[in-house]
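Asks: Pasting in a structure now, in structure tokens, and then I'll have a few things to ask.
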Amino acid sequence: MTSKRLMAVAVACGLAFHGISNAVAQQAYPAEGKTAKAQASARQEFKITRVTPEYWRITIDHPPFNIFGPESIPMLNSVVTEVENDPKVKVVVFDSAVPGFFLTHYDFSQPLEVTTSMPPGAATGLPPLPDIFVRLARSPVVTISKIRGRATGVGSELALASDMRFASREKAVLSQFEIGAGFTPGGGPMVRLPRMIGRGRALEIILSGNDFSADVAERYGYVNRALPDAELDKFVDTLARRISSFDKQTIADIKQMVNASTLPSDKEVGAEWNAFITSVQRPAAQHNVKKLMEIGLQKNPDVEINLPKYTGQVNLPDKK
Amino acid sequence: MTSKRLMAVAVACGLAFHGISNAVAQQAYPAEGKTAKAQASARQEFKITRVTPEYWRITIDHPPFNIFGPESIPMLNSVVTEVENDPKVKVVVFDSAVPGFFLTHYDFSQPLEVTTSMPPGAATGLPPLPDIFVRLARSPVVTISKIRGRATGVGSELALASDMRFASREKAVLSQFEIGAGFTPGGGPMVRLPRMIGRGRALEIILSGNDFSADVAERYGYVNRALPDAELDKFVDTLARRISSFDKQTIADIKQMVNASTLPSDKEVGAEWNAFITSVQRPAAQHNVKKLMEIGLQKNPDVEINLPKYTGQVNLPDKK
Amino acid sequence: MTSKRLMAVAVACGLAFHGISNAVAQQAYPAEGKTAKAQASARQEFKITRVTPEYWRITIDHPPFNIFGPESIPMLNSVVTEVENDPKVKVVVFDSAVPGFFLTHYDFSQPLEVTTSMPPGAATGLPPLPDIFVRLARSPVVTISKIRGRATGVGSELALASDMRFASREKAVLSQFEIGAGFTPGGGPMVRLPRMIGRGRALEIILSGNDFSADVAERYGYVNRALPDAELDKFVDTLARRISSFDKQTIADIKQMVNASTLPSDKEVGAEWNAFITSVQRPAAQHNVKKLMEIGLQKNPDVEINLPKYTGQVNLPDKK
């Protein structure tokens with residue numbers, strides 16, 4: 001069953017991906033079929049607020065933990081597509097409606113069949129999640145992650161794919177927990193983080209699977225800045241309004257020029273994803289995720305809030 | 001007229017540049033003609049002080065705001081050429097004689113004819129300003145920017161082309177204001193800043209056009225270090241004297257080796273310049289610069305000192 | 001004699017190296033000959049402690065200054081080879097048993113003949129020291145430098161070749177002193193440091209030859225983190241135990257993926273080494289090292305502890 005769960009994740013995320021032009025990649029997002037029907041009635045986990053026509057907020061709202069499930073992929077794709085197709089929007093701020101969580105890890109409890117049907121959609125030829133992240137980074141629209149609560153796994157990866165990251169000094173926690181669950185991350189930290197903060201600190205974050213406070217995250221460059229929680233909203237809102245008042249073409253030119261020397265190639269992004277897909281099928285991942293689910297992952301708030309403590313306990317005895 | 005002003009800047013800075021081997025690039029710096037005569041009688045804005053034969057200071061002295069005009073380009077080229085041709089000099093410190101300003105933006109009020117005559121000179125084949133910055137970065141001589149007051153636009157770009165940057169904690173302000181004036185920067189921040197401080201913080205600086213205090217600049221790596229104003233001169237002088245006592249060949253070897261993995265290519269530098277030249281001719285730049293001049297740019301100290309406030313106000317209504 | 005000393009260092013370190021496949025490089029480490037006999041009876045300067053089968057400590061123990069001599073190279077190679085061949089080890093912590101010193105510079109007093117005999121061994125084709133550092137960085141085993149005391153020259157380079165660096169806030173000092181002795185570094189800082197902390201701060205460190213406190217080293221990213229001395233051991237031990245509990249294959253995958261975008265090429269590593277070998281044969285190095293030895297290098301603790309003060313005094317008069 002754990003095996004099934006991991007396969008669900010793997011397939012949801014493009015298990016069969018072996019290059020940028022395969023069939024799975026071209027069937028990336030749910031469409032007209034029964035899966036689509038399920039989607040239609042599903043609660044939207046990513047809500048767009050048009051603060052102004054040029055400045056939008058995308059609020060993550062999937063209580064109680066902002067877990068990222070197979071159903072989340074088409075929902076995130078949908079709002080990102082809306083951003084891409086809008087002629088006016090210049091700035092998007094990602095934030096959360098769920099106290100204590102910005103966005104966390106994959107859903108490990110979904111049955112396989114929910115996630116296997118994937119219609120065309122991927123612009124980059126990459127599997128859905130890396131495809132979305134690559135599109136965000138390349139978009140002429142400026143993206144800002146406003147981090148309050150835990151940003152681990154996909155949450156950290158969405159933040160890293162954003163153009164800027166601002167964190168609540170008291171309430172933000174960032175991490176890549178994956179190694180503790182027995183697999184490698186897949187959504188970009190191995191190719192994005194070292195380019196941004198250097199090899200040593202990137203390796204510490206990814207190899208330790210530890211939580212990083214906003215203060216340390218700022219010191220490491222993992223976020224642009226940590227701000228007192230009481231000032232965070234105003235700071236990000238002021239910055240977003242300011243940038244959204246500027247010339248759209250100039251914004252696009254600047255992003256394109258900076259992207260040229262800072263973004264990983266699609267090939268590197270795809271290689272990281274493939275490593276993730278391979279790793280979730282290995283015994284260590286199967287064992288650790290099963291144990292984490294038994295301990296209370298996705299149910300017990302303490303397990304979600306203190307995830308590094310629990311990932312430190314679940315490893316195979318013969319690996320200790 | 002604003003259009004003329006922008007064209008003046010554009011031509012002064014190599015408007016017609018479309019590659020590294022064109023005619024304009026080969027006619028880079030004023031020579032024998034009437035322009036040269038005007039130069040001969042012009043007040044020198046970059047003054048060399050030979051502290052020792054091995055350690056020079058180049059002091060920027062163009063009150064009241066240390067604006068960088070078309071006339072500044074050949075003057076800066078002249079002192080940089082002197083550095084290049086001197087057999088003894090090992091360290092050059094850039095500083096300012098004008099309180100409140102290190103070096104700021106282009107002069108937007110010069111008439112077109114002052115700046116169109118450009119004789120040969122460019123070593124790299126790039127237009128004058130990027131040519132000078134590329135030569136400084138590649139020079140075997142060590143360059144240090146000692147920043148007290150505002151370093152925006154060209155000021156920030158000169159600092160970024162230097163090998164090291166030290167800032168007065170109380171009196172230094174760094175920024176790339178250009179986006180607020182409706183165009184992209186041209187003198188290097190899009191290719192230099194992300195390599196030095198990472199994608200996220202570089203995008204924040206260039207896309208916000210905001211002022212950055214010495215403290216934040218240090219935290220971001222925009223400067224090497226912020227020092228108490230009372231200690232800045234001694235710190236930089238001690239460092240410059242120390243390095244200038246070392247073996248010239250060893251200094252040159254170290255710079256060459258470090259440059260190999262850190263400098264943008266000439267092609268990237270040229271592409272940033274081209275983007276700038278293109279952007280200053282667009283309506284947003286025409287509109288914003290005209291408005292800024294009307295508000296008091298280059299005349300009213302408050303506009304110069306609080307530039308981000310004013311760039312935040314001048315954007316086209318239909319862009320708001 | 002100083003010339004002989006420098007040649008000793010140069011030969012010990014692969015003077016004749018001009019590519020990745022030459023004979024010297026293939027005769028990298030002492031073997032069966034008389035040199036090996038000398039080695040056999042030599043005091044081990046790198047001691048392995050198996051804290052657990054998965055977590056080892058390698059303690060540098062060469063009092064009174066932890067100088068890195070020609071005899072140190074095969075000893076370090078031997079422990080690194082042991083790490084490479086062990087099927088269980090996942091984390092190695094480098095620390096020091098000598099108060100005040102993590103690991104310092106080459107031994108400048110060894111006679112030439114001790115160091116000329118070099119049997120095969122180099123895995124990368126590079127000369128011994130860069131070969132060891134490249135192997136450490138590429139190893140699937142995680143390496144952590146716990147820095148208490150001075151880490152200069154080879155000490156800083158070992159730290160930079162490690163995956164992470166943690167420093168005692170009160171007792172760690174990092175530097176690349178070489179420029180003051182008249183030559184360029186050879187063990188990696190020119191190719192590793194700029195990639196990790198950016199061009200400006202890397203140039204300041206390498207061109208100044210100054211000491212950097214743990215606080216500034218942390219601010220610059222030269223170390224991951226500075227910790228109060230009383231907390232350093234516990235912090236590093238907890239981190240090492242945690243990582244060593246994780247899946248070995250997942251650790252290896254993460255290092256490999258991060259290495260792909262962060263490590264210099266062998267060619268760059270070799271070029272830095274060649275520049276070092278060339279520079280130690282120049283008059284500046286010959287002069288400065290001779291003077292430093294006369295002043296008390298390797299004998300007088302004050303010279304070792306305040307090395308930047310003395311390197312600032314020994315330069316050729318005609319270079320001042």
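Residues are named by chain letter and number: chains run A, B, ... in the order of the structure tokens, numbers start at 1 in each chain, and ligands are numbered from 1 in the order shown.
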Give as a CSV table (one decimal) with N, CA and C atoms, in the first residue's frame every residue of chain A that touches chain C within 9 Å, counting only C-alpha atoms.
Replies:
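This went into iface_19.csv:
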```csv
chain,number,residue,atom,x,y,z
A,179,ILE,N,15.2,14.0,2.3
A,179,ILE,CA,16.2,13.0,2.6
A,179,ILE,C,15.8,12.2,3.8
A,180,GLY,N,15.1,12.8,4.7
A,180,GLY,CA,14.7,12.1,5.9
A,180,GLY,C,13.6,11.1,5.6
A,181,ALA,N,12.9,11.3,4.5
A,181,ALA,CA,11.8,10.4,4.1
A,181,ALA,C,12.4,9.3,3.1
A,182,GLY,N,13.7,9.4,2.9
A,182,GLY,CA,14.4,8.4,2.1
A,182,GLY,C,14.5,8.6,0.6
A,183,PHE,N,14.1,9.8,0.2
A,183,PHE,CA,14.2,10.1,-1.3
A,183,PHE,C,14.8,11.5,-1.5
A,184,THR,N,15.2,11.8,-2.8
A,184,THR,CA,15.7,13.1,-3.1
A,184,THR,C,14.6,14.0,-3.5
A,185,PRO,N,14.8,15.3,-3.3
A,185,PRO,CA,13.8,16.3,-3.7
A,185,PRO,C,13.7,16.3,-5.3
A,190,MET,N,17.8,21.1,-5.8
A,190,MET,CA,19.2,20.7,-6.1
A,190,MET,C,19.8,21.5,-7.2
A,191,VAL,N,19.0,22.0,-8.1
A,191,VAL,CA,19.5,22.8,-9.2
A,191,VAL,C,19.4,24.3,-9.0
A,193,LEU,N,19.0,25.9,-5.6
A,193,LEU,CA,19.5,26.5,-4.3
A,193,LEU,C,21.0,26.7,-4.4
A,194,PRO,N,21.8,25.8,-4.9
A,194,PRO,CA,23.3,26.1,-5.0
A,194,PRO,C,23.6,27.3,-5.8
A,195,ARG,N,22.9,27.5,-6.9
A,195,ARG,CA,23.2,28.7,-7.7
A,195,ARG,C,22.9,30.0,-7.0
A,197,ILE,N,22.7,30.3,-3.3
A,197,ILE,CA,23.4,30.5,-2.0
A,197,ILE,C,24.7,29.8,-1.9
A,198,GLY,N,25.2,29.1,-2.9
A,198,GLY,CA,26.5,28.4,-2.9
A,198,GLY,C,26.3,27.0,-2.4
A,199,ARG,N,27.4,26.3,-2.8
A,199,ARG,CA,27.4,24.8,-2.6
A,199,ARG,C,27.3,24.4,-1.1
A,200,GLY,N,28.0,25.0,-0.2
A,200,GLY,CA,28.1,24.6,1.2
A,200,GLY,C,26.7,24.7,1.9
A,201,ARG,N,26.1,25.8,1.8
A,201,ARG,CA,24.8,26.0,2.5
A,201,ARG,C,23.7,25.2,1.8
A,202,ALA,N,23.8,25.1,0.5
A,202,ALA,CA,22.8,24.3,-0.2
A,202,ALA,C,22.9,22.8,0.2
A,203,LEU,N,24.1,22.3,0.3
A,203,LEU,CA,24.3,20.9,0.7
A,203,LEU,C,23.8,20.7,2.2
A,204,GLU,N,24.0,21.7,3.0
A,204,GLU,CA,23.6,21.6,4.4
A,204,GLU,C,22.0,21.5,4.5
A,206,ILE,N,19.9,20.6,2.1
A,206,ILE,CA,19.3,19.4,1.4
A,206,ILE,C,19.7,18.1,2.1
A,207,LEU,N,21.0,18.0,2.5
A,207,LEU,CA,21.5,16.8,3.2
A,207,LEU,C,21.0,16.6,4.6
A,208,SER,N,20.7,17.7,5.3
A,208,SER,CA,20.3,17.6,6.7
A,208,SER,C,18.8,17.4,6.8
A,209,GLY,N,18.0,17.9,5.8
A,209,GLY,CA,16.6,17.8,5.9
A,209,GLY,C,16.0,18.6,7.1
A,219,ARG,N,20.2,34.7,6.6
A,219,ARG,CA,21.6,34.7,6.6
A,219,ARG,C,22.2,33.9,5.5
A,220,TYR,N,21.5,32.8,5.1
A,220,TYR,CA,22.0,31.9,4.1
A,220,TYR,C,21.6,32.4,2.7
A,264,PRO,N,18.6,27.2,-14.1
A,264,PRO,CA,19.1,25.9,-14.6
A,264,PRO,C,18.5,25.6,-15.9
A,268,GLU,N,18.7,20.0,-16.8
A,268,GLU,CA,19.0,19.8,-15.4
A,268,GLU,C,17.8,19.6,-14.5
A,271,ALA,N,16.6,16.2,-15.0
A,271,ALA,CA,17.4,15.2,-14.4
A,271,ALA,C,17.1,15.1,-12.9
A,272,GLU,N,16.9,16.3,-12.2
A,272,GLU,CA,16.5,16.3,-10.8
A,272,GLU,C,15.2,15.5,-10.6
A,275,ALA,N,15.7,11.8,-10.9
A,275,ALA,CA,16.4,11.3,-9.7
A,275,ALA,C,15.4,11.1,-8.6
A,279,SER,N,14.2,7.6,-6.9
A,279,SER,CA,14.5,7.4,-5.5
A,279,SER,C,13.2,7.0,-4.7
A,284,ALA,N,14.3,2.4,0.8
A,284,ALA,CA,14.4,3.4,1.9
A,284,ALA,C,13.2,4.3,1.9
A,285,ALA,N,12.8,4.8,0.7
A,285,ALA,CA,11.6,5.7,0.7
A,285,ALA,C,10.4,4.9,1.1
A,312,GLY,N,14.0,12.0,11.5
A,312,GLY,CA,15.2,11.5,12.1
A,312,GLY,C,15.1,10.2,12.8
A,313,GLN,N,13.8,9.7,12.9
A,313,GLN,CA,13.6,8.5,13.6
A,313,GLN,C,13.2,7.3,12.8
A,315,ASN,N,14.4,5.9,9.9
A,315,ASN,CA,15.3,5.3,9.0
A,315,ASN,C,15.5,3.8,9.3
A,316,LEU,N,15.8,3.0,8.3
A,316,LEU,CA,16.0,1.6,8.4
A,316,LEU,C,17.1,1.3,9.5
A,317,PRO,N,16.8,0.3,10.3
A,317,PRO,CA,17.7,0.0,11.3
A,317,PRO,C,19.1,-0.4,10.7
A,319,LYS,N,20.5,0.7,8.3
A,319,LYS,CA,21.2,1.9,7.8
A,319,LYS,C,21.7,2.7,9.0
A,320,LYS,N,21.4,2.3,10.2
A,320,LYS,CA,21.9,3.0,11.4
A,320,LYS,C,23.0,2.2,12.0
```
Asks: Output as a count of residues only all residues of stretch 39-222 of chain B that backbone DSSP marks as helix (DSSP H, G or I).
Replies: 69
Asks: Could you please determine the separation between atom CA of C:Ala167 and atom CA of C:Arg43 in Å, to one decimal place?
Replies: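 These two atoms are separated by 26.9 Å.
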Asks: Could you jot down the atom CA of A:Phe212 to atom CA of A:Val173 separation for me, Å, one decimal place?
Replies: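 Interatomic distance, atom CA of A:Phe212 to atom CA of A:Val173: 5.6 Å.
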Asks: Please indicate the distance in Å from atom CA of B:Asn210 to atom CA of A:Leu136, rounded to one decimal place.
Replies: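 Computing the Euclidean distance for atom CA of B:Asn210 and atom CA of A:Leu136 yields 23.3 Å.
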Asks: Write out as a ChimeraX atom specification all residues of stretch 35-226 of chain B that backbone DSSP assigns to strand (DSSP E).
Replies: /B:46-52,55-60,91-96,101-103,142-152,164-175,212-213,225-226
Asks: Quick one: residues within 9 Å of A:Met75, only C-alpha atoms counted, chain neighbours fewer than 4 positions away excluded, as a ChimeraX atom specification?
Replies: /A:39,44-46,71,79-80
Asks: Contacts of A:Glu157 at 10 Å or less, counting only C-alpha atoms, minus same-chain residues fewer than 2 places along, as a PDB file with N, CA and C atoms, in the first residue's frame?
Replies:
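What ended up in around.pdb:
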```pdb
ATOM      1  N   LEU A 103       3.160  26.056   2.502  1.00  0.00           N
ATOM      2  CA  LEU A 103       2.840  24.939   1.609  1.00  0.00           C
ATOM      3  C   LEU A 103       3.823  23.842   1.986  1.00  0.00           C
ATOM      4  N   THR A 104       3.324  22.601   2.051  1.00  0.00           N
ATOM      5  CA  THR A 104       4.221  21.548   2.530  1.00  0.00           C
ATOM      6  C   THR A 104       4.487  20.494   1.456  1.00  0.00           C
ATOM      7  N   HIS A 105       4.435  19.245   1.864  1.00  0.00           N
ATOM      8  CA  HIS A 105       4.924  18.136   1.027  1.00  0.00           C
ATOM      9  C   HIS A 105       3.792  17.508   0.215  1.00  0.00           C
ATOM     10  N   LEU A 129       4.872  19.194 -12.407  1.00  0.00           N
ATOM     11  CA  LEU A 129       5.352  20.114 -11.385  1.00  0.00           C
ATOM     12  C   LEU A 129       6.591  20.902 -11.828  1.00  0.00           C
ATOM     13  N   PRO A 130       7.649  20.220 -12.298  1.00  0.00           N
ATOM     14  CA  PRO A 130       8.782  21.010 -12.798  1.00  0.00           C
ATOM     15  C   PRO A 130       8.396  21.917 -13.963  1.00  0.00           C
ATOM     16  N   PHE A 133       6.979  25.075 -12.417  1.00  0.00           N
ATOM     17  CA  PHE A 133       8.027  25.882 -11.777  1.00  0.00           C
ATOM     18  C   PHE A 133       8.922  26.568 -12.816  1.00  0.00           C
ATOM     19  N   ALA A 151       7.319  26.065   5.059  1.00  0.00           N
ATOM     20  CA  ALA A 151       7.499  25.884   3.609  1.00  0.00           C
ATOM     21  C   ALA A 151       8.497  24.749   3.447  1.00  0.00           C
ATOM     22  N   THR A 152       7.993  23.542   3.326  1.00  0.00           N
ATOM     23  CA  THR A 152       8.883  22.399   3.154  1.00  0.00           C
ATOM     24  C   THR A 152       8.508  21.667   1.879  1.00  0.00           C
ATOM     25  N   GLY A 153       9.425  20.885   1.341  1.00  0.00           N
ATOM     26  CA  GLY A 153       9.117  20.136   0.133  1.00  0.00           C
ATOM     27  C   GLY A 153       8.646  21.059  -0.969  1.00  0.00           C
ATOM     28  N   VAL A 154       7.457  20.776  -1.515  1.00  0.00           N
ATOM     29  CA  VAL A 154       6.922  21.599  -2.605  1.00  0.00           C
ATOM     30  C   VAL A 154       6.825  23.077  -2.196  1.00  0.00           C
ATOM     31  N   GLY A 155       6.577  23.328  -0.920  1.00  0.00           N
ATOM     32  CA  GLY A 155       6.474  24.708  -0.446  1.00  0.00           C
ATOM     33  C   GLY A 155       7.781  25.455  -0.619  1.00  0.00           C
ATOM     34  N   ALA A 159       8.687  28.421  -3.474  1.00  0.00           N
ATOM     35  CA  ALA A 159       9.393  29.646  -3.074  1.00  0.00           C
ATOM     36  C   ALA A 159      10.667  29.834  -3.895  1.00  0.00           C
ATOM     37  N   LEU A 160      11.396  28.742  -4.117  1.00  0.00           N
ATOM     38  CA  LEU A 160      12.658  28.833  -4.872  1.00  0.00           C
ATOM     39  C   LEU A 160      12.420  29.129  -6.352  1.00  0.00           C
ATOM     40  N   ALA A 161      11.263  28.713  -6.865  1.00  0.00           N
ATOM     41  CA  ALA A 161      10.940  29.007  -8.258  1.00  0.00           C
ATOM     42  C   ALA A 161      10.405  30.428  -8.423  1.00  0.00           C
ATOM     43  N   SER A 162      10.034  31.051  -7.316  1.00  0.00           N
ATOM     44  CA  SER A 162       9.579  32.444  -7.361  1.00  0.00           C
ATOM     45  C   SER A 162      10.787  33.365  -7.556  1.00  0.00           C
ATOM     46  N   LEU A 174      11.638  27.129   6.753  1.00  0.00           N
ATOM     47  CA  LEU A 174      11.888  26.542   5.432  1.00  0.00           C
ATOM     48  C   LEU A 174      12.696  25.259   5.566  1.00  0.00           C
ATOM     49  N   SER A 175      12.450  24.316   4.670  1.00  0.00           N
ATOM     50  CA  SER A 175      13.249  23.094   4.671  1.00  0.00           C
ATOM     51  C   SER A 175      12.999  22.286   3.417  1.00  0.00           C
ATOM     52  N   GLN A 176      13.957  21.424   3.163  1.00  0.00           N
ATOM     53  CA  GLN A 176      13.750  20.327   2.212  1.00  0.00           C
ATOM     54  C   GLN A 176      13.877  19.053   3.036  1.00  0.00           C
ATOM     55  N   PRO A 185      14.821  15.334  -3.285  1.00  0.00           N
ATOM     56  CA  PRO A 185      13.814  16.301  -3.738  1.00  0.00           C
ATOM     57  C   PRO A 185      13.695  16.252  -5.262  1.00  0.00           C
ATOM     58  N   GLY A 186      12.549  16.722  -5.778  1.00  0.00           N
ATOM     59  CA  GLY A 186      12.354  16.655  -7.224  1.00  0.00           C
ATOM     60  C   GLY A 186      11.989  17.976  -7.875  1.00  0.00           C
ATOM     61  N   GLY A 187      11.587  18.948  -7.072  1.00  0.00           N
ATOM     62  CA  GLY A 187      11.014  20.158  -7.645  1.00  0.00           C
ATOM     63  C   GLY A 187      11.987  21.328  -7.776  1.00  0.00           C
ATOM     64  N   GLY A 188      13.275  21.047  -7.741  1.00  0.00           N
ATOM     65  CA  GLY A 188      14.188  22.118  -8.085  1.00  0.00           C
ATOM     66  C   GLY A 188      15.287  22.507  -7.112  1.00  0.00           C
ATOM     67  N   PRO A 189      15.206  22.130  -5.822  1.00  0.00           N
ATOM     68  CA  PRO A 189      16.204  22.690  -4.899  1.00  0.00           C
ATOM     69  C   PRO A 189      17.648  22.300  -5.228  1.00  0.00           C
ATOM     70  N   MET A 190      17.844  21.121  -5.790  1.00  0.00           N
ATOM     71  CA  MET A 190      19.222  20.698  -6.079  1.00  0.00           C
ATOM     72  C   MET A 190      19.832  21.491  -7.230  1.00  0.00           C
ATOM     73  N   ARG A 192      18.417  24.713  -8.120  1.00  0.00           N
ATOM     74  CA  ARG A 192      18.208  26.153  -7.894  1.00  0.00           C
ATOM     75  C   ARG A 192      18.976  26.691  -6.681  1.00  0.00           C
ATOM     76  N   LEU A 193      18.965  25.938  -5.591  1.00  0.00           N
ATOM     77  CA  LEU A 193      19.515  26.455  -4.334  1.00  0.00           C
ATOM     78  C   LEU A 193      21.020  26.719  -4.408  1.00  0.00           C
TER      79      LEU A 193
END
```
Asks: Determine, counting only C-alpha atoms, which protein, DNA and RNA residues have an atom within 10 Å of an atom of C:Glu84; residues of the same chain fewer than 5 positions away are not included. Present the result as an MDAnalysis selection string.
Replies: chainID C and resid 78:79 89 135:136 139:141
